[in-house]
>>> print(open('protein_16.cif').read())   # mmCIF, C-alpha atoms
data_final
#
loop_
_atom_site.label_atom_id
_atom_site.label_comp_id
_atom_site.auth_asym_id
_atom_site.auth_seq_id
_atom_site.Cartn_x
_atom_site.Cartn_y
_atom_site.Cartn_z
CA MET W 373 -4.92 -49.08 -15.40
CA LYS W 374 -2.10 -46.71 -14.54
CA HIS W 375 -1.82 -43.79 -16.98
CA THR W 376 1.78 -42.83 -17.72
CA LEU W 377 2.92 -40.16 -20.14
CA SER W 378 5.04 -40.42 -23.30
CA PHE W 379 8.12 -38.22 -23.86
CA GLN W 380 6.11 -36.00 -26.25
CA ARG W 381 3.48 -35.39 -23.56
CA TYR W 382 6.14 -34.44 -21.01
CA LEU W 383 7.35 -31.86 -23.59
CA ILE W 384 3.80 -30.42 -23.69
CA LEU W 385 3.91 -30.10 -19.86
CA LEU W 386 7.33 -28.39 -20.18
CA ALA W 387 5.77 -25.86 -22.59
CA VAL W 388 2.92 -25.32 -20.09
CA MET W 389 5.34 -24.47 -17.26
CA LEU W 390 7.72 -22.24 -19.28
CA THR W 391 5.21 -20.17 -21.27
CA ALA W 392 3.06 -19.42 -18.20
CA SER W 393 5.87 -18.16 -15.97
CA VAL W 394 7.72 -16.12 -18.60
CA GLY W 395 4.42 -14.72 -19.92
CA ASP W 396 3.37 -13.57 -16.44
CA THR W 397 6.77 -11.92 -15.90
CA LEU W 398 6.46 -9.97 -19.18
CA LEU W 399 2.90 -8.91 -18.29
CA SER W 400 4.02 -7.67 -14.88
CA HIS W 401 6.85 -5.65 -16.47
CA GLY W 402 4.42 -4.15 -18.99
CA MET W 403 1.86 -3.17 -16.35
CA SER W 404 4.55 -1.44 -14.31
CA GLN W 405 5.17 0.76 -17.38
CA VAL W 406 1.47 1.43 -18.02
CA GLY W 407 0.90 2.65 -14.46
CA GLN W 408 -1.87 2.45 -11.91
CA VAL W 409 -5.34 1.45 -13.12
CA SER W 410 -8.15 2.86 -10.97
CA ILE W 411 -11.73 1.63 -10.88
CA HIS W 412 -12.79 4.91 -12.55
CA HIS W 413 -10.29 4.57 -15.40
CA LEU W 414 -10.68 0.97 -16.51
CA GLY W 415 -10.14 2.17 -20.09
CA LEU W 416 -6.44 2.19 -19.24
CA LEU W 417 -6.59 -1.63 -19.42
CA LEU W 418 -7.25 -1.26 -23.17
CA VAL W 419 -4.29 1.13 -23.45
CA ALA W 420 -2.18 -1.58 -21.78
CA MET W 421 -2.94 -3.83 -24.78
CA LYS W 422 -0.69 -1.57 -26.91
CA ASN W 423 2.35 -2.02 -24.65
CA PRO W 424 4.94 -4.32 -26.37
CA TRP W 425 5.73 -6.14 -23.10
CA VAL W 426 2.02 -6.80 -22.52
CA ILE W 427 1.65 -7.95 -26.16
CA ALA W 428 4.67 -10.30 -25.80
CA GLY W 429 3.25 -11.59 -22.51
CA ILE W 430 -0.16 -12.22 -24.08
CA THR W 431 1.48 -14.04 -27.04
CA LEU W 432 3.29 -16.40 -24.67
CA LEU W 433 0.11 -16.89 -22.66
CA ILE W 434 -1.74 -17.89 -25.86
CA GLY W 435 0.99 -20.55 -26.34
CA PHE W 436 0.45 -21.56 -22.74
CA PHE W 437 -3.30 -21.90 -23.30
CA ALA W 438 -2.87 -24.13 -26.36
CA SER W 439 -0.46 -26.49 -24.56
CA TYR W 440 -2.57 -26.36 -21.37
CA LEU W 441 -5.75 -27.40 -23.24
CA THR W 442 -3.87 -30.20 -24.99
CA ALA W 443 -2.59 -31.46 -21.61
CA LEU W 444 -6.08 -31.25 -20.08
CA SER W 445 -7.44 -33.48 -22.85
CA TRP W 446 -5.31 -36.43 -21.62
CA ALA W 447 -4.57 -35.63 -17.96
CA ASP W 448 -6.41 -34.54 -14.80
CA LEU W 449 -6.54 -30.87 -13.79
CA THR W 450 -4.90 -31.74 -10.45
CA PHE W 451 -2.06 -33.42 -12.39
CA VAL W 452 -1.48 -30.56 -14.85
CA LEU W 453 -1.70 -27.64 -12.40
CA PRO W 454 1.46 -28.37 -10.37
CA SER W 455 3.38 -28.17 -13.66
CA THR W 456 2.40 -24.52 -13.96
CA ALA W 457 3.77 -23.92 -10.43
CA PHE W 458 7.10 -25.41 -11.49
CA GLY W 459 7.46 -22.35 -13.74
CA TYR W 460 8.08 -20.23 -10.61
CA VAL W 461 11.11 -22.42 -9.93
CA VAL W 462 12.39 -21.87 -13.49
CA VAL W 463 12.01 -18.08 -13.12
CA ALA W 464 13.83 -18.12 -9.73
CA LEU W 465 16.71 -20.18 -11.17
CA LEU W 466 16.97 -17.85 -14.20
CA ALA W 467 17.06 -14.87 -11.82
CA LYS W 468 19.85 -16.52 -9.83
CA PHE W 469 22.14 -17.81 -12.59
CA TRP W 470 21.36 -15.41 -15.46
CA GLN W 471 20.47 -12.11 -13.77
CA HIS W 472 22.73 -12.88 -10.76
CA GLU W 473 19.98 -11.93 -8.29
CA THR W 474 20.28 -13.00 -4.68
CA ILE W 475 17.74 -15.63 -3.64
CA SER W 476 16.94 -15.75 0.08
CA LEU W 477 16.86 -18.96 2.12
CA THR W 478 13.06 -18.63 2.38
CA ARG W 479 12.78 -18.63 -1.43
CA TRP W 480 15.05 -21.67 -1.74
CA LEU W 481 12.74 -23.39 0.74
CA GLY W 482 9.74 -22.37 -1.41
CA ILE W 483 11.49 -23.78 -4.49
CA LEU W 484 12.19 -27.05 -2.65
CA LEU W 485 8.52 -27.35 -1.59
CA ILE W 486 7.28 -26.81 -5.16
CA VAL W 487 9.77 -29.37 -6.55
CA CYS W 488 8.55 -31.89 -3.93
CA GLY W 489 4.90 -31.04 -4.73
CA VAL W 490 5.42 -31.56 -8.48
CA GLY W 491 7.37 -34.77 -7.78
CA PHE W 492 4.45 -36.18 -5.76
CA VAL W 493 1.98 -35.99 -8.66
CA ALA W 494 4.50 -36.66 -11.46
CA ASN W 495 5.04 -40.19 -10.14
CA GLY W 496 1.34 -40.93 -9.90
CA PRO W 497 -1.31 -41.71 -12.51
CA SER W 498 -2.10 -38.77 -14.80
CA LEU W 499 -5.78 -39.49 -15.36
CA THR W 500 -8.75 -40.63 -13.25
CA GLU W 501 -10.57 -43.58 -14.81
CA HIS W 502 -13.94 -42.55 -16.32
CA PRO W 503 -16.25 -44.26 -18.84
CA ALA W 504 -14.89 -44.01 -22.41
CA LYS W 505 -15.63 -40.74 -24.24
CA PRO W 506 -17.69 -40.79 -27.47
CA SER W 507 -14.65 -39.96 -29.64
CA GLU W 508 -12.69 -42.84 -28.09
CA ARG W 509 -15.59 -45.29 -28.44
CA GLU W 510 -15.92 -44.43 -32.14
CA LEU W 511 -12.18 -44.87 -32.61
CA GLU W 512 -12.25 -48.25 -30.85
CA LYS W 513 -15.10 -49.39 -33.13
CA ALA W 514 -13.17 -48.24 -36.21
CA MET S 1412 3.14 0.02 -3.96
CA THR S 1413 -0.09 -1.30 -2.36
CA VAL S 1414 -2.45 1.67 -2.48
CA VAL S 1415 -5.70 0.15 -1.16
CA GLY S 1416 -6.78 -1.22 2.24
CA ALA S 1417 -6.55 -4.82 3.41
CA VAL S 1418 -10.22 -5.57 2.56
CA GLU S 1419 -9.90 -4.24 -1.00
CA THR S 1420 -6.55 -6.03 -1.44
CA TRP S 1421 -7.91 -9.44 -0.45
CA ALA S 1422 -11.24 -8.87 -2.25
CA SER S 1423 -9.39 -8.22 -5.53
CA ILE S 1424 -7.04 -11.20 -4.96
CA GLY S 1425 -10.09 -13.35 -4.09
CA ALA S 1426 -11.87 -12.23 -7.27
CA VAL S 1427 -8.84 -13.25 -9.34
CA ALA S 1428 -8.71 -16.68 -7.64
CA VAL S 1429 -12.46 -17.46 -7.79
CA THR S 1430 -12.77 -16.56 -11.48
CA ALA S 1431 -9.53 -18.49 -12.23
CA VAL S 1432 -10.88 -21.62 -10.49
CA ALA S 1433 -14.20 -21.31 -12.36
CA GLY S 1434 -12.29 -20.95 -15.65
CA ASP S 1435 -10.02 -23.94 -14.93
CA ILE S 1436 -12.88 -26.21 -13.90
CA LEU S 1437 -15.07 -25.27 -16.88
CA THR S 1438 -12.26 -25.71 -19.44
CA ALA S 1439 -11.05 -28.96 -17.85
CA GLY S 1440 -14.65 -30.25 -17.83
CA ALA S 1441 -15.04 -29.26 -21.48
CA MET S 1442 -11.78 -30.99 -22.49
CA ARG S 1443 -12.87 -34.14 -20.66
CA ARG S 1444 -16.19 -34.15 -22.56
CA ILE S 1445 -14.44 -33.52 -25.89
CA GLY S 1446 -11.86 -36.30 -25.34
CA ASP S 1447 -8.18 -36.82 -26.19
CA LEU S 1448 -7.14 -34.05 -28.62
CA ASP S 1449 -4.33 -36.23 -30.02
CA LEU S 1450 -6.91 -38.85 -31.09
CA ILE S 1451 -9.24 -36.20 -32.56
CA ARG S 1452 -6.32 -34.62 -34.46
CA GLU S 1453 -5.34 -38.02 -35.88
CA ARG S 1454 -8.88 -38.52 -37.15
CA SER S 1455 -10.04 -35.02 -38.17
CA GLY S 1456 -6.83 -32.98 -38.44
CA MET S 1457 -5.95 -29.75 -36.63
CA SER S 1458 -9.04 -27.91 -37.92
CA GLY S 1459 -11.26 -30.69 -36.59
CA ALA S 1460 -9.59 -30.44 -33.17
CA ILE S 1461 -9.98 -26.64 -33.09
CA LYS S 1462 -13.62 -26.95 -34.18
CA ALA S 1463 -14.29 -29.50 -31.43
CA VAL S 1464 -12.80 -27.19 -28.79
CA VAL S 1465 -14.30 -23.83 -29.80
CA GLY S 1466 -17.70 -25.45 -30.48
CA SER S 1467 -18.10 -26.41 -26.82
CA PRO S 1468 -20.31 -23.94 -24.86
CA MET S 1469 -18.70 -25.12 -21.60
CA PHE S 1470 -15.26 -24.24 -22.99
CA LEU S 1471 -16.47 -20.79 -24.10
CA LEU S 1472 -17.92 -20.15 -20.62
CA GLY S 1473 -14.57 -21.18 -19.14
CA VAL S 1474 -12.73 -18.78 -21.46
CA CYS S 1475 -15.09 -15.97 -20.35
CA SER S 1476 -14.25 -16.76 -16.70
CA MET S 1477 -10.53 -16.74 -17.55
CA ALA S 1478 -10.92 -13.39 -19.32
CA VAL S 1479 -12.60 -11.91 -16.22
CA SER S 1480 -9.79 -13.39 -14.11
CA PHE S 1481 -7.16 -11.90 -16.45
CA PHE S 1482 -8.61 -8.37 -16.27
CA SER S 1483 -9.06 -8.75 -12.48
CA LEU S 1484 -5.35 -9.68 -12.30
CA LEU S 1485 -4.34 -6.65 -14.39
CA PHE S 1486 -6.44 -4.42 -12.09
CA THR S 1487 -5.01 -6.09 -8.97
CA LEU S 1488 -1.41 -5.74 -10.22
CA SER S 1489 -1.96 -2.01 -10.61
CA VAL S 1490 -3.04 -1.47 -6.98
CA VAL S 1491 -1.33 -4.31 -5.06
CA ASP S 1492 2.36 -5.32 -5.01
CA VAL S 1493 3.07 -8.07 -7.57
CA SER S 1494 5.06 -9.96 -4.89
CA LEU S 1495 1.82 -10.32 -2.91
CA ALA S 1496 -0.86 -10.39 -5.64
CA ALA S 1497 0.66 -13.01 -7.98
CA PRO S 1498 1.67 -15.70 -5.42
CA ALA S 1499 -1.37 -15.14 -3.17
CA SER S 1500 -3.87 -15.48 -6.03
CA ALA S 1501 -1.92 -18.47 -7.41
CA ALA S 1502 -1.78 -20.21 -4.01
CA ILE S 1503 -5.53 -19.73 -3.39
CA THR S 1504 -6.22 -20.93 -6.94
CA TYR S 1505 -4.20 -24.18 -6.42
CA ILE S 1506 -6.07 -25.15 -3.27
CA GLY S 1507 -9.42 -24.01 -4.72
CA ASN S 1508 -8.80 -26.09 -7.83
CA ALA S 1509 -8.02 -29.23 -5.80
CA PHE S 1510 -11.37 -28.92 -3.98
CA ALA S 1511 -13.31 -27.97 -7.13
CA ALA S 1512 -11.72 -30.79 -9.21
CA LYS S 1513 -12.77 -33.33 -6.59
CA PHE S 1514 -16.37 -32.10 -6.28
CA PHE S 1515 -17.17 -30.92 -9.82
CA LEU S 1516 -14.94 -33.07 -12.05
CA HIS S 1517 -14.94 -36.12 -9.72
CA GLU S 1518 -11.17 -36.43 -10.06
CA ASN S 1519 -9.47 -38.91 -7.81
CA VAL S 1520 -7.72 -36.33 -5.60
CA ASP S 1521 -5.90 -38.87 -3.43
CA LYS S 1522 -3.52 -38.25 -0.53
CA ARG S 1523 -0.63 -37.80 -2.97
CA ARG S 1524 -2.43 -34.95 -4.81
CA TRP S 1525 -3.58 -33.23 -1.59
CA ILE S 1526 0.00 -33.25 -0.31
CA SER S 1527 1.17 -31.94 -3.67
CA ALA S 1528 -1.41 -29.09 -3.59
CA ALA S 1529 -0.38 -28.22 0.00
CA PHE S 1530 3.35 -28.26 -0.87
CA VAL S 1531 2.86 -26.13 -3.98
CA THR S 1532 0.65 -23.64 -2.11
CA ALA S 1533 3.19 -23.30 0.73
CA GLY S 1534 6.06 -23.08 -1.78
CA VAL S 1535 4.38 -20.33 -3.79
CA ALA S 1536 3.65 -18.41 -0.55
CA LEU S 1537 7.32 -18.69 0.50
CA LEU S 1538 8.51 -17.43 -2.89
CA ALA S 1539 6.70 -14.15 -2.16
CA LYS S 1540 8.82 -13.52 0.95
#
>>> encode(input="protein_16.cif", output="structure tokens")
Amino acid sequence: MKHTLSFQRYLILLAVMLTASVGDTLLSHGMSQVGQVSIHHLGLLLVAMKNPWVIAGITLLIGFFASYLTALSWADLTFVLPSTAFGYVVVALLAKFWQHETISLTRWLGILLIVCGVGFVANGPSLTEHPAKPSERELEKA
Amino acid sequence: MTVVGAVETWASIGAVAVTAVAGDILTAGAMRRIGDLDLIRERSGMSGAIKAVVGSPMFLLGVCSMAVSFFSLLFTLSVVDVSLAAPASAAITYIGNAFAAKFFLHENVDKRRWISAAFVTAGVALLAK
């Protein structure tokens, strides 16, 4: 049986790709404000938890985790993971058209490769066939 | 901004990737054992779905691995350029996950998914340029 996804499940994958990339960007911005963390001063990592950018990044990453777990419950890991990579494309396009940053030819090539990579799995089945799980068996009986 | 040598740089990036792969495989394995969350939510509500997830030891182990990976990433970002650390650890994680999903989760990683993993890895590496 070929597993295809409903519109609602594609929205979950969209949430996975957006929250991960924007969350990582906010975390990176926050850590640049906190400063260098050395192996002898790991306590600074706890100080980083008070930075608003780090807090905002963590909040988005919690949203990412919830949507990621939901997606993993009905799709393979190797199907869901390329969606997270598509977030890099979203960030690059935002940088180009919103922040008016210059994107080099190499980066456009990178974006093209990721789009192709995501396209390869998006057209295929989302889940490997395995024996029915206990919850599904119970539901079928009911 | 990179302030450590090549060995330390790649050791810290490698630590981020290995712990991320372990976290992904353990949580994906846990979610597979638990089953479709949409079905569980229909039957037991949101609290039932949350209880099913957080009650899984495999999931909790996966979260611990992800937490180690997260703090490794924070540490790495403070000593290695983000333009190297983030894409390099992500690229290694994608390929590592494809191998680990095939061997530990027995996913059908067919030609299409290998090509996808290779394209995404190369694409992420090019974005760092």
>>> interface_residues(input="protein_16.cif", of="chain W", to="chain S", cutoff="8 Å", atoms="only C-alpha atoms", output="MDAnalysis selection string")
chainID W and resid 400 403:404 407:410 417 441:442 444:446 448:451 453:454 457 460 478:486 488:493 496 500 505:508
>>> residues_near_point(input="protein_16.cif", point="(17.5, -18.2, -10.7)", cutoff="12 Å", atoms="all atoms listed in the file", output="PyMOL selection string")
(chain W and resi 459-476+479-480+483) or (chain S and resi 1538)
>>> atom_distance(input="protein_16.cif", atom1="CA of Ala392 in chain W", atom2="CA of Ala428 in chain W")
12.0 Å
>>> closest_residue(input="protein_16.cif", among="S:Thr1430, S:Leu1437, S:Ile1424, S:Gly1507", to="Pro1468 in chain S", atoms="only C-alpha atoms")
S:Leu1437
